Protein chains: 2
Amino acid sequence: MKQDGAGVDLDTSLGYLLKEASSALRTAMEEVLRPLGMSVTHYSCLELLAQRPGLSNSELARGAFVTRQTMNVLLQALERDGYVIRPAEAPVGKVLPTRLTPRGRRSLAKATVAVRSVESRMLGGMSEAERAESFRALRGMIRALRGEDRT
Amino acid sequence: MKQDGAGVDLDTSLGYLLKEASSALRTAMEEVLRPLGMSVTHYSCLELLAQRPGLSNSELARGAFVTRQTMNVLLQALERDGYVIRPAEAPVGKVLPTRLTPRGRRSLAKATVAVRSVESRMLGGMSEAERAESFRALRGMIRALRGEDRT
DNA sequence: GAATCTATGTCAGACTGCTGACATGAAGCA
DNA sequence: TGCTTCATGTCAGCAGTCTGACATAGATTC
């Protein structure tokens with residue numbers, strides 16, 4: 001039933017499987033974050049700021065894989081609700097370094113517990129060697145897709 | 001600089017890497033499909049129909065990882081533009097089996113060439129064994145995330 | 001056979017993220 | 001110094017996707 005000549009066979013397509021895995025991960029994260037009133041991008045933003053305080057809007061956008069316009073909208077809401085702070089004036093250039101407030105940190109702490117449970121479930125039955133192998137494979141795909149192809 | 005106790009370390013998080021890979025794949029596909037005036041979901045729908053003719057709206061939605069409402073909107077547009085056909089009345093129940101028209105097949109043919117180039121680029125330097133390993137790893141993640149955890 | 005449950009197709013409204021556009025500051029180059 | 005290029009922050013408009021809701025058909029249960 002497989003039309004090898006006609007299309008990309010979905011059952012053996014690594015791209016399709018990657019999309020499936022990503023979709024499953026996203027769904028699982030949304031499930032645990034919803035009770036906290038937080039979206040995946042929302043969480044990603046807070047997590048990035050916790051690990052790298054002072055990131056700018058554009059840097060956060062790249063880290064969360066959205067456009068800087070999208071991140072800007074999110075940051076304005078987070079700032080309005082007191083989860084993050086940005087200086088009114090840029091210390092240098094136009095770049096506004098963003099930081100978590102204590103409230104933002106508390107909010108993140110709850111979310112982290114939820115997200116960690118998903119991640120550990122995903123790592124489930126994988127051995128340490130298998131995790132390392134998956135890591136290597138995904139990194140390879142990313143590098144190839146971005147055209148950093150060193151033949 | 002890594003706060004191991006505080007959060008999920010992004011640099012060593014398989015979830016984050018999975019999201020990154022998926023984002024890179026999506027971007028690459030959008031790039032090659034845009035000139036054809038086609039979105040990723042649009043393409044997924046046609047590809048699914050080519051491989052499994054007669055799929056219903058809900059089945060297509062599951063295959064493309066969107067809701068059936070979203071797929072319904074897309075199908076109406078595709079039907080209006082003559083890429084697919086659905087019977088006016090359901091042969092059985094409410095399920096409307098969908099099929100590609102010749103026009104839809106031609107459109108898909110062009111897209112397939114583009115998508116295949118992305119996929120082969122992604123597989124890039126991977127050996128056959130590495131591909132199999134990646135496959136196995138992704139399947140494991142999906143199964144674990146969906147809670148089909150057979151201890 | 002009737003009641004309940006489940007799945008489907010569809011409509012409407014809301015939200016999220018994206019593209020396009022603009023002004024501004026920094027960095028490199030003539 | 002002036003010019004070009006690039007990155008940034010931000011606003012506005014648009015497309016895609018989602019949630020909520022409803023009616024209906026099949027399957028299940030009693």
# chains A, B, ... in the order shown; residues from 1 in each chain; ligands from 1
>>> select_by_dssp(residues="chain B", states="helix (DSSP H, G or I)", output="number ranges by chain")
B: 10-12, 14-36, 40-51, 57-64, 68-80, 102-123, 128-145
>>> residues_around(residues="A:Thr27", least_positions_apart="4", cutoff="10 Å", atoms="only C-alpha atoms (C1' of nucleotides)", output="PyMOL selection string")
(chain A and resi 21-23+31-33+40) or (chain B and resi 145-146)
>>> write_last_selection(atoms="C-alpha atoms", output="JSON list (two decimals), in the first residue's frame")
[["chain", "number", "residue", "atom", "x", "y", "z"],
["A", 21, "ALA", "CA", 7.21, 13.64, 18.88],
["A", 22, "SER", "CA", 7.23, 17.40, 19.08],
["A", 23, "SER", "CA", 3.45, 17.49, 18.99],
["A", 31, "GLU", "CA", -1.67, 19.84, 29.87],
["A", 32, "VAL", "CA", 0.46, 20.39, 32.93],
["A", 33, "LEU", "CA", 0.90, 24.13, 32.41],
["A", 40, "VAL", "CA", 4.55, 26.90, 26.70],
["B", 145, "LEU", "CA", 4.71, 10.94, 26.54],
["B", 146, "ARG", "CA", 1.39, 9.41, 25.63]]
>>> select_by_dssp(residues="stretch 33-131 of chain B", states="strand (DSSP E or B)", output="ChimeraX atom specification")
/B:84-85,92,95,99-100
>>> residues_around(residues="D:DA27", least_positions_apart="2", cutoff="10 Å", atoms="only C-alpha atoms (C1' of nucleotides)", output="list in words")
DC5, DT6 and DA7 of chain C; DA25 and DT29 of chain D
>>> write_last_selection(atoms="N, CA, C and O atoms (P, O5', C5', C4', C3', O3' and C1' of nucleotides)", output="PDB file, in the first residue's frame")
ATOM      1  P    DC C   5     -23.808   8.294  30.098  1.00  0.00           P
ATOM      2  O5'  DC C   5     -22.773   7.874  28.971  1.00  0.00           O
ATOM      3  C5'  DC C   5     -22.368   6.503  28.881  1.00  0.00           C
ATOM      4  C4'  DC C   5     -21.621   6.261  27.563  1.00  0.00           C
ATOM      5  C3'  DC C   5     -20.554   7.327  27.260  1.00  0.00           C
ATOM      6  O3'  DC C   5     -19.309   6.678  27.079  1.00  0.00           O
ATOM      7  C1'  DC C   5     -21.936   6.933  25.360  1.00  0.00           C
ATOM      8  P    DT C   6     -17.953   7.551  27.019  1.00  0.00           P
ATOM      9  O5'  DT C   6     -17.640   7.581  25.457  1.00  0.00           O
ATOM     10  C5'  DT C   6     -17.622   6.352  24.725  1.00  0.00           C
ATOM     11  C4'  DT C   6     -17.592   6.631  23.226  1.00  0.00           C
ATOM     12  C3'  DT C   6     -16.606   7.737  22.825  1.00  0.00           C
ATOM     13  O3'  DT C   6     -15.674   7.197  21.906  1.00  0.00           O
ATOM     14  C1'  DT C   6     -18.710   8.037  21.770  1.00  0.00           C
ATOM     15  P    DA C   7     -14.436   8.128  21.368  1.00  0.00           P
ATOM     16  O5'  DA C   7     -14.913   8.519  19.892  1.00  0.00           O
ATOM     17  C5'  DA C   7     -15.294   7.495  18.987  1.00  0.00           C
ATOM     18  C4'  DA C   7     -15.866   8.122  17.717  1.00  0.00           C
ATOM     19  C3'  DA C   7     -15.010   9.256  17.141  1.00  0.00           C
ATOM     20  O3'  DA C   7     -14.806   9.014  15.753  1.00  0.00           O
ATOM     21  C1'  DA C   7     -17.246   9.989  17.450  1.00  0.00           C
TER      22       DA C   7
ATOM     23  P    DA D  25     -28.682  11.778  11.351  1.00  0.00           P
ATOM     24  O5'  DA D  25     -27.710  10.518  11.385  1.00  0.00           O
ATOM     25  C5'  DA D  25     -26.464  10.604  10.701  1.00  0.00           C
ATOM     26  C4'  DA D  25     -25.489   9.602  11.285  1.00  0.00           C
ATOM     27  C3'  DA D  25     -26.076   8.206  11.481  1.00  0.00           C
ATOM     28  O3'  DA D  25     -25.196   7.239  10.924  1.00  0.00           O
ATOM     29  C1'  DA D  25     -25.091   8.978  13.495  1.00  0.00           C
ATOM     30  P    DT D  29     -20.384  -2.334  26.334  1.00  0.00           P
ATOM     31  O5'  DT D  29     -21.671  -2.063  27.240  1.00  0.00           O
ATOM     32  C5'  DT D  29     -21.941  -0.733  27.703  1.00  0.00           C
ATOM     33  C4'  DT D  29     -23.340  -0.656  28.295  1.00  0.00           C
ATOM     34  C3'  DT D  29     -23.784  -1.923  29.029  1.00  0.00           C
ATOM     35  O3'  DT D  29     -24.251  -1.585  30.330  1.00  0.00           O
ATOM     36  C1'  DT D  29     -25.454  -1.211  27.516  1.00  0.00           C
TER      37       DT D  29
END
>>> interface_residues(of="chain B", to="chain D", cutoff="12 Å", atoms="only C-alpha atoms (C1' of nucleotides)", output="mmCIF file with all heavy atoms, in the first residue's frame")
data_model
loop_
_atom_site.group_PDB
_atom_site.id
_atom_site.type_symbol
_atom_site.label_atom_id
_atom_site.label_comp_id
_atom_site.auth_asym_id
_atom_site.auth_seq_id
_atom_site.Cartn_x
_atom_site.Cartn_y
_atom_site.Cartn_z
ATOM 1 N N SER B 39 1.083 25.850 2.922
ATOM 2 C CA SER B 39 1.566 25.761 4.295
ATOM 3 C C SER B 39 1.894 24.309 4.626
ATOM 4 O O SER B 39 1.579 23.395 3.861
ATOM 5 C CB SER B 39 0.507 26.265 5.267
ATOM 6 O OG SER B 39 -0.543 25.320 5.360
ATOM 7 N N VAL B 40 2.537 24.100 5.764
ATOM 8 C CA VAL B 40 2.933 22.751 6.153
ATOM 9 C C VAL B 40 1.696 21.871 6.362
ATOM 10 O O VAL B 40 1.661 20.719 5.904
ATOM 11 C CB VAL B 40 3.792 22.782 7.438
ATOM 12 C CG1 VAL B 40 4.092 21.368 7.920
ATOM 13 C CG2 VAL B 40 5.090 23.538 7.192
ATOM 14 N N THR B 41 0.706 22.404 7.025
ATOM 15 C CA THR B 41 -0.514 21.624 7.265
ATOM 16 C C THR B 41 -1.209 21.296 5.948
ATOM 17 O O THR B 41 -1.699 20.184 5.739
ATOM 18 C CB THR B 41 -1.474 22.413 8.163
ATOM 19 O OG1 THR B 41 -0.791 22.801 9.363
ATOM 20 C CG2 THR B 41 -2.686 21.577 8.532
ATOM 21 N N HIS B 42 -1.240 22.286 5.071
ATOM 22 C CA HIS B 42 -1.772 22.129 3.735
ATOM 23 C C HIS B 42 -1.095 20.944 3.034
ATOM 24 O O HIS B 42 -1.763 20.027 2.523
ATOM 25 C CB HIS B 42 -1.485 23.444 2.993
ATOM 26 C CG HIS B 42 -2.079 23.552 1.628
ATOM 27 N ND1 HIS B 42 -2.673 24.708 1.177
ATOM 28 C CD2 HIS B 42 -2.134 22.669 0.619
ATOM 29 C CE1 HIS B 42 -3.084 24.506 -0.068
ATOM 30 N NE2 HIS B 42 -2.766 23.297 -0.426
ATOM 31 N N ALA B 61 -7.106 15.224 10.475
ATOM 32 C CA ALA B 61 -6.689 16.106 11.561
ATOM 33 C C ALA B 61 -5.689 15.402 12.475
ATOM 34 O O ALA B 61 -4.647 15.964 12.818
ATOM 35 C CB ALA B 61 -7.915 16.559 12.357
ATOM 36 N N PHE B 65 -1.787 16.423 13.039
ATOM 37 C CA PHE B 65 -1.563 16.974 14.384
ATOM 38 C C PHE B 65 -2.209 18.332 14.580
ATOM 39 O O PHE B 65 -1.608 19.246 15.133
ATOM 40 C CB PHE B 65 -0.051 17.043 14.690
ATOM 41 C CG PHE B 65 0.660 15.765 14.412
ATOM 42 C CD1 PHE B 65 1.555 15.683 13.365
ATOM 43 C CD2 PHE B 65 0.394 14.629 15.157
ATOM 44 C CE1 PHE B 65 2.212 14.473 13.087
ATOM 45 C CE2 PHE B 65 1.040 13.435 14.885
ATOM 46 C CZ PHE B 65 1.948 13.358 13.845
ATOM 47 N N VAL B 66 -3.416 18.460 14.091
ATOM 48 C CA VAL B 66 -4.215 19.655 14.373
ATOM 49 C C VAL B 66 -5.609 19.178 14.811
ATOM 50 O O VAL B 66 -5.906 17.986 14.761
ATOM 51 C CB VAL B 66 -4.367 20.579 13.141
ATOM 52 C CG1 VAL B 66 -3.028 21.149 12.729
ATOM 53 C CG2 VAL B 66 -5.025 19.842 11.984
ATOM 54 N N THR B 67 -6.451 20.116 15.251
ATOM 55 C CA THR B 67 -7.809 19.742 15.652
ATOM 56 C C THR B 67 -8.670 19.513 14.419
ATOM 57 O O THR B 67 -8.341 19.962 13.322
ATOM 58 C CB THR B 67 -8.460 20.846 16.498
ATOM 59 O OG1 THR B 67 -8.570 22.018 15.703
ATOM 60 C CG2 THR B 67 -7.641 21.114 17.750
ATOM 61 N N ARG B 68 -9.781 18.835 14.588
ATOM 62 C CA ARG B 68 -10.630 18.570 13.431
ATOM 63 C C ARG B 68 -11.301 19.847 12.941
ATOM 64 O O ARG B 68 -11.651 19.958 11.767
ATOM 65 C CB ARG B 68 -11.674 17.494 13.760
ATOM 66 C CG ARG B 68 -12.661 17.839 14.830
ATOM 67 C CD ARG B 68 -13.514 16.605 15.166
ATOM 68 N NE ARG B 68 -14.750 16.941 15.848
ATOM 69 C CZ ARG B 68 -14.850 17.148 17.153
ATOM 70 N NH1 ARG B 68 -13.784 17.054 17.910
ATOM 71 N NH2 ARG B 68 -16.012 17.446 17.694
ATOM 72 N N GLN B 69 -11.455 20.821 13.840
ATOM 73 C CA GLN B 69 -11.993 22.114 13.415
ATOM 74 C C GLN B 69 -11.042 22.808 12.452
ATOM 75 O O GLN B 69 -11.445 23.357 11.427
ATOM 76 C CB GLN B 69 -12.241 23.030 14.631
ATOM 77 C CG GLN B 69 -13.355 22.581 15.550
ATOM 78 C CD GLN B 69 -12.849 21.703 16.678
ATOM 79 O OE1 GLN B 69 -11.909 20.948 16.503
ATOM 80 N NE2 GLN B 69 -13.490 21.788 17.834
ATOM 81 N N THR B 70 -9.777 22.777 12.801
ATOM 82 C CA THR B 70 -8.772 23.395 11.933
ATOM 83 C C THR B 70 -8.716 22.706 10.576
ATOM 84 O O THR B 70 -8.689 23.363 9.524
ATOM 85 C CB THR B 70 -7.383 23.320 12.601
ATOM 86 O OG1 THR B 70 -7.415 24.064 13.815
ATOM 87 C CG2 THR B 70 -6.312 23.874 11.693
ATOM 88 N N MET B 71 -8.721 21.385 10.609
ATOM 89 C CA MET B 71 -8.666 20.634 9.355
ATOM 90 C C MET B 71 -9.904 20.906 8.518
ATOM 91 O O MET B 71 -9.830 20.970 7.287
ATOM 92 C CB MET B 71 -8.532 19.140 9.659
ATOM 93 C CG MET B 71 -8.377 18.254 8.429
ATOM 94 S SD MET B 71 -7.046 18.725 7.306
ATOM 95 C CE MET B 71 -5.593 18.250 8.236
ATOM 96 N N ASN B 72 -11.023 21.081 9.188
ATOM 97 C CA ASN B 72 -12.266 21.344 8.467
ATOM 98 C C ASN B 72 -12.176 22.638 7.659
ATOM 99 O O ASN B 72 -12.578 22.685 6.496
ATOM 100 C CB ASN B 72 -13.423 21.442 9.468
ATOM 101 C CG ASN B 72 -14.768 21.469 8.765
ATOM 102 O OD1 ASN B 72 -14.952 20.826 7.749
ATOM 103 N ND2 ASN B 72 -15.691 22.221 9.322
ATOM 104 N N VAL B 73 -11.622 23.669 8.293
ATOM 105 C CA VAL B 73 -11.445 24.951 7.603
ATOM 106 C C VAL B 73 -10.565 24.765 6.368
ATOM 107 O O VAL B 73 -10.879 25.251 5.284
ATOM 108 C CB VAL B 73 -10.808 25.990 8.556
ATOM 109 C CG1 VAL B 73 -10.436 27.247 7.794
ATOM 110 C CG2 VAL B 73 -11.767 26.314 9.690
ATOM 111 N N LEU B 74 -9.468 24.031 6.552
ATOM 112 C CA LEU B 74 -8.557 23.796 5.444
ATOM 113 C C LEU B 74 -9.226 23.012 4.323
ATOM 114 O O LEU B 74 -9.110 23.365 3.138
ATOM 115 C CB LEU B 74 -7.321 23.041 5.946
ATOM 116 C CG LEU B 74 -6.304 22.613 4.897
ATOM 117 C CD1 LEU B 74 -5.758 23.807 4.136
ATOM 118 C CD2 LEU B 74 -5.170 21.836 5.538
ATOM 119 N N ALA B 90 -22.922 11.697 3.315
ATOM 120 C CA ALA B 90 -22.074 10.645 3.857
ATOM 121 C C ALA B 90 -22.620 9.278 3.474
ATOM 122 O O ALA B 90 -23.800 9.016 3.670
ATOM 123 C CB ALA B 90 -21.997 10.777 5.372
ATOM 124 N N PRO B 91 -21.751 8.428 2.893
ATOM 125 C CA PRO B 91 -22.188 7.078 2.501
ATOM 126 C C PRO B 91 -22.629 6.278 3.723
ATOM 127 O O PRO B 91 -23.539 5.468 3.647
ATOM 128 C CB PRO B 91 -20.946 6.464 1.870
ATOM 129 C CG PRO B 91 -19.931 7.540 1.786
ATOM 130 C CD PRO B 91 -20.346 8.669 2.645
ATOM 131 N N VAL B 92 -21.975 6.515 4.829
ATOM 132 C CA VAL B 92 -22.330 5.826 6.064
ATOM 133 C C VAL B 92 -22.006 6.743 7.246
ATOM 134 O O VAL B 92 -20.942 7.331 7.298
ATOM 135 C CB VAL B 92 -21.563 4.490 6.188
ATOM 136 C CG1 VAL B 92 -20.077 4.710 6.034
ATOM 137 C CG2 VAL B 92 -21.866 3.814 7.520
ATOM 138 N N GLY B 93 -22.942 6.882 8.141
ATOM 139 C CA GLY B 93 -22.734 7.758 9.293
ATOM 140 C C GLY B 93 -22.597 9.211 8.885
ATOM 141 O O GLY B 93 -23.296 9.679 7.989
ATOM 142 N N LYS B 94 -21.677 9.912 9.531
ATOM 143 C CA LYS B 94 -21.441 11.303 9.163
ATOM 144 C C LYS B 94 -20.100 11.467 8.471
ATOM 145 O O LYS B 94 -19.730 12.556 8.054
ATOM 146 C CB LYS B 94 -21.457 12.190 10.416
ATOM 147 C CG LYS B 94 -22.766 12.169 11.172
ATOM 148 C CD LYS B 94 -22.759 13.175 12.291
ATOM 149 C CE LYS B 94 -22.711 14.604 11.769
ATOM 150 N NZ LYS B 94 -22.753 15.582 12.865
ATOM 151 N N VAL B 95 -19.357 10.369 8.381
ATOM 152 C CA VAL B 95 -17.987 10.433 7.884
ATOM 153 C C VAL B 95 -17.947 10.708 6.389
ATOM 154 O O VAL B 95 -18.521 9.956 5.600
ATOM 155 C CB VAL B 95 -17.247 9.125 8.182
ATOM 156 C CG1 VAL B 95 -15.829 9.188 7.653
ATOM 157 C CG2 VAL B 95 -17.253 8.845 9.676
#
>>> interface_residues(of="chain B", to="chain A", cutoff="8 Å", atoms="only C-alpha atoms", output="NGL selection string")
:B and (1-3 or 6-10 or 14-15 or 17-25 or 28 or 47-48 or 50-51 or 65 or 109 or 112 or 116 or 118-119 or 121-126 or 130-131 or 133-135 or 137-142 or 144-146)
>>> decode(residues="stretch 9-39 of chain B", atoms="N, CA and C atoms", output="PDB file, in the first residue's frame")
ATOM      1  N   ASP B   9      17.621  22.535  33.044  1.00  0.00           N
ATOM      2  CA  ASP B   9      18.754  23.117  32.330  1.00  0.00           C
ATOM      3  C   ASP B   9      18.554  22.990  30.825  1.00  0.00           C
ATOM      4  N   LEU B  10      18.427  24.121  30.169  1.00  0.00           N
ATOM      5  CA  LEU B  10      18.095  24.112  28.746  1.00  0.00           C
ATOM      6  C   LEU B  10      19.195  23.475  27.905  1.00  0.00           C
ATOM      7  N   ASP B  11      20.430  23.649  28.329  1.00  0.00           N
ATOM      8  CA  ASP B  11      21.530  23.146  27.503  1.00  0.00           C
ATOM      9  C   ASP B  11      21.597  21.625  27.489  1.00  0.00           C
ATOM     10  N   THR B  12      21.000  21.000  28.471  1.00  0.00           N
ATOM     11  CA  THR B  12      21.057  19.537  28.525  1.00  0.00           C
ATOM     12  C   THR B  12      19.661  18.932  28.505  1.00  0.00           C
ATOM     13  N   SER B  13      18.667  19.746  28.145  1.00  0.00           N
ATOM     14  CA  SER B  13      17.288  19.257  28.133  1.00  0.00           C
ATOM     15  C   SER B  13      16.932  18.653  26.781  1.00  0.00           C
ATOM     16  N   LEU B  14      16.556  17.407  26.807  1.00  0.00           N
ATOM     17  CA  LEU B  14      16.179  16.749  25.555  1.00  0.00           C
ATOM     18  C   LEU B  14      14.902  17.365  24.996  1.00  0.00           C
ATOM     19  N   GLY B  15      14.017  17.799  25.887  1.00  0.00           N
ATOM     20  CA  GLY B  15      12.783  18.434  25.446  1.00  0.00           C
ATOM     21  C   GLY B  15      13.059  19.707  24.669  1.00  0.00           C
ATOM     22  N   TYR B  16      13.968  20.495  25.190  1.00  0.00           N
ATOM     23  CA  TYR B  16      14.324  21.744  24.520  1.00  0.00           C
ATOM     24  C   TYR B  16      14.941  21.467  23.158  1.00  0.00           C
ATOM     25  N   LEU B  17      15.791  20.475  23.114  1.00  0.00           N
ATOM     26  CA  LEU B  17      16.444  20.118  21.853  1.00  0.00           C
ATOM     27  C   LEU B  17      15.427  19.597  20.845  1.00  0.00           C
ATOM     28  N   LEU B  18      14.465  18.851  21.330  1.00  0.00           N
ATOM     29  CA  LEU B  18      13.414  18.344  20.450  1.00  0.00           C
ATOM     30  C   LEU B  18      12.626  19.498  19.848  1.00  0.00           C
ATOM     31  N   LYS B  19      12.330  20.484  20.687  1.00  0.00           N
ATOM     32  CA  LYS B  19      11.616  21.663  20.213  1.00  0.00           C
ATOM     33  C   LYS B  19      12.454  22.420  19.185  1.00  0.00           C
ATOM     34  N   GLU B  20      13.735  22.498  19.448  1.00  0.00           N
ATOM     35  CA  GLU B  20      14.623  23.204  18.529  1.00  0.00           C
ATOM     36  C   GLU B  20      14.672  22.508  17.170  1.00  0.00           C
ATOM     37  N   ALA B  21      14.785  21.192  17.201  1.00  0.00           N
ATOM     38  CA  ALA B  21      14.844  20.427  15.950  1.00  0.00           C
ATOM     39  C   ALA B  21      13.544  20.570  15.183  1.00  0.00           C
ATOM     40  N   SER B  22      12.456  20.472  15.893  1.00  0.00           N
ATOM     41  CA  SER B  22      11.156  20.597  15.254  1.00  0.00           C
ATOM     42  C   SER B  22      10.963  21.974  14.649  1.00  0.00           C
ATOM     43  N   SER B  23      11.430  22.983  15.370  1.00  0.00           N
ATOM     44  CA  SER B  23      11.334  24.354  14.868  1.00  0.00           C
ATOM     45  C   SER B  23      12.164  24.540  13.610  1.00  0.00           C
ATOM     46  N   ALA B  24      13.361  23.969  13.608  1.00  0.00           N
ATOM     47  CA  ALA B  24      14.233  24.068  12.434  1.00  0.00           C
ATOM     48  C   ALA B  24      13.603  23.367  11.240  1.00  0.00           C
ATOM     49  N   LEU B  25      13.007  22.212  11.484  1.00  0.00           N
ATOM     50  CA  LEU B  25      12.364  21.473  10.403  1.00  0.00           C
ATOM     51  C   LEU B  25      11.183  22.260   9.842  1.00  0.00           C
ATOM     52  N   ARG B  26      10.384  22.803  10.742  1.00  0.00           N
ATOM     53  CA  ARG B  26       9.216  23.572  10.313  1.00  0.00           C
ATOM     54  C   ARG B  26       9.628  24.771   9.468  1.00  0.00           C
ATOM     55  N   THR B  27      10.628  25.492   9.949  1.00  0.00           N
ATOM     56  CA  THR B  27      11.122  26.660   9.218  1.00  0.00           C
ATOM     57  C   THR B  27      11.610  26.266   7.829  1.00  0.00           C
ATOM     58  N   ALA B  28      12.377  25.194   7.773  1.00  0.00           N
ATOM     59  CA  ALA B  28      12.918  24.743   6.489  1.00  0.00           C
ATOM     60  C   ALA B  28      11.797  24.357   5.533  1.00  0.00           C
ATOM     61  N   MET B  29      10.766  23.689   6.055  1.00  0.00           N
ATOM     62  CA  MET B  29       9.658  23.288   5.190  1.00  0.00           C
ATOM     63  C   MET B  29       8.864  24.492   4.723  1.00  0.00           C
ATOM     64  N   GLU B  30       8.634  25.438   5.628  1.00  0.00           N
ATOM     65  CA  GLU B  30       7.909  26.647   5.236  1.00  0.00           C
ATOM     66  C   GLU B  30       8.645  27.391   4.134  1.00  0.00           C
ATOM     67  N   GLU B  31       9.954  27.405   4.224  1.00  0.00           N
ATOM     68  CA  GLU B  31      10.758  28.109   3.233  1.00  0.00           C
ATOM     69  C   GLU B  31      10.560  27.549   1.826  1.00  0.00           C
ATOM     70  N   VAL B  32      10.561  26.230   1.733  1.00  0.00           N
ATOM     71  CA  VAL B  32      10.449  25.627   0.402  1.00  0.00           C
ATOM     72  C   VAL B  32       9.000  25.544  -0.068  1.00  0.00           C
ATOM     73  N   LEU B  33       8.051  25.569   0.869  1.00  0.00           N
ATOM     74  CA  LEU B  33       6.639  25.475   0.476  1.00  0.00           C
ATOM     75  C   LEU B  33       6.034  26.840   0.166  1.00  0.00           C
ATOM     76  N   ARG B  34       6.599  27.878   0.752  1.00  0.00           N
ATOM     77  CA  ARG B  34       6.046  29.213   0.547  1.00  0.00           C
ATOM     78  C   ARG B  34       5.951  29.595  -0.922  1.00  0.00           C
ATOM     79  N   PRO B  35       7.028  29.375  -1.716  1.00  0.00           N
ATOM     80  CA  PRO B  35       6.946  29.718  -3.139  1.00  0.00           C
ATOM     81  C   PRO B  35       5.800  29.012  -3.854  1.00  0.00           C
ATOM     82  N   LEU B  36       5.359  27.891  -3.303  1.00  0.00           N
ATOM     83  CA  LEU B  36       4.245  27.156  -3.902  1.00  0.00           C
ATOM     84  C   LEU B  36       2.904  27.590  -3.317  1.00  0.00           C
ATOM     85  N   GLY B  37       2.943  28.562  -2.421  1.00  0.00           N
ATOM     86  CA  GLY B  37       1.708  29.028  -1.795  1.00  0.00           C
ATOM     87  C   GLY B  37       1.057  27.979  -0.921  1.00  0.00           C
ATOM     88  N   MET B  38       1.890  27.199  -0.249  1.00  0.00           N
ATOM     89  CA  MET B  38       1.360  26.090   0.521  1.00  0.00           C
ATOM     90  C   MET B  38       1.928  26.109   1.937  1.00  0.00           C
ATOM     91  N   SER B  39       1.083  25.850   2.922  1.00  0.00           N
ATOM     92  CA  SER B  39       1.566  25.761   4.295  1.00  0.00           C
ATOM     93  C   SER B  39       1.894  24.309   4.626  1.00  0.00           C
TER      94      SER B  39
END
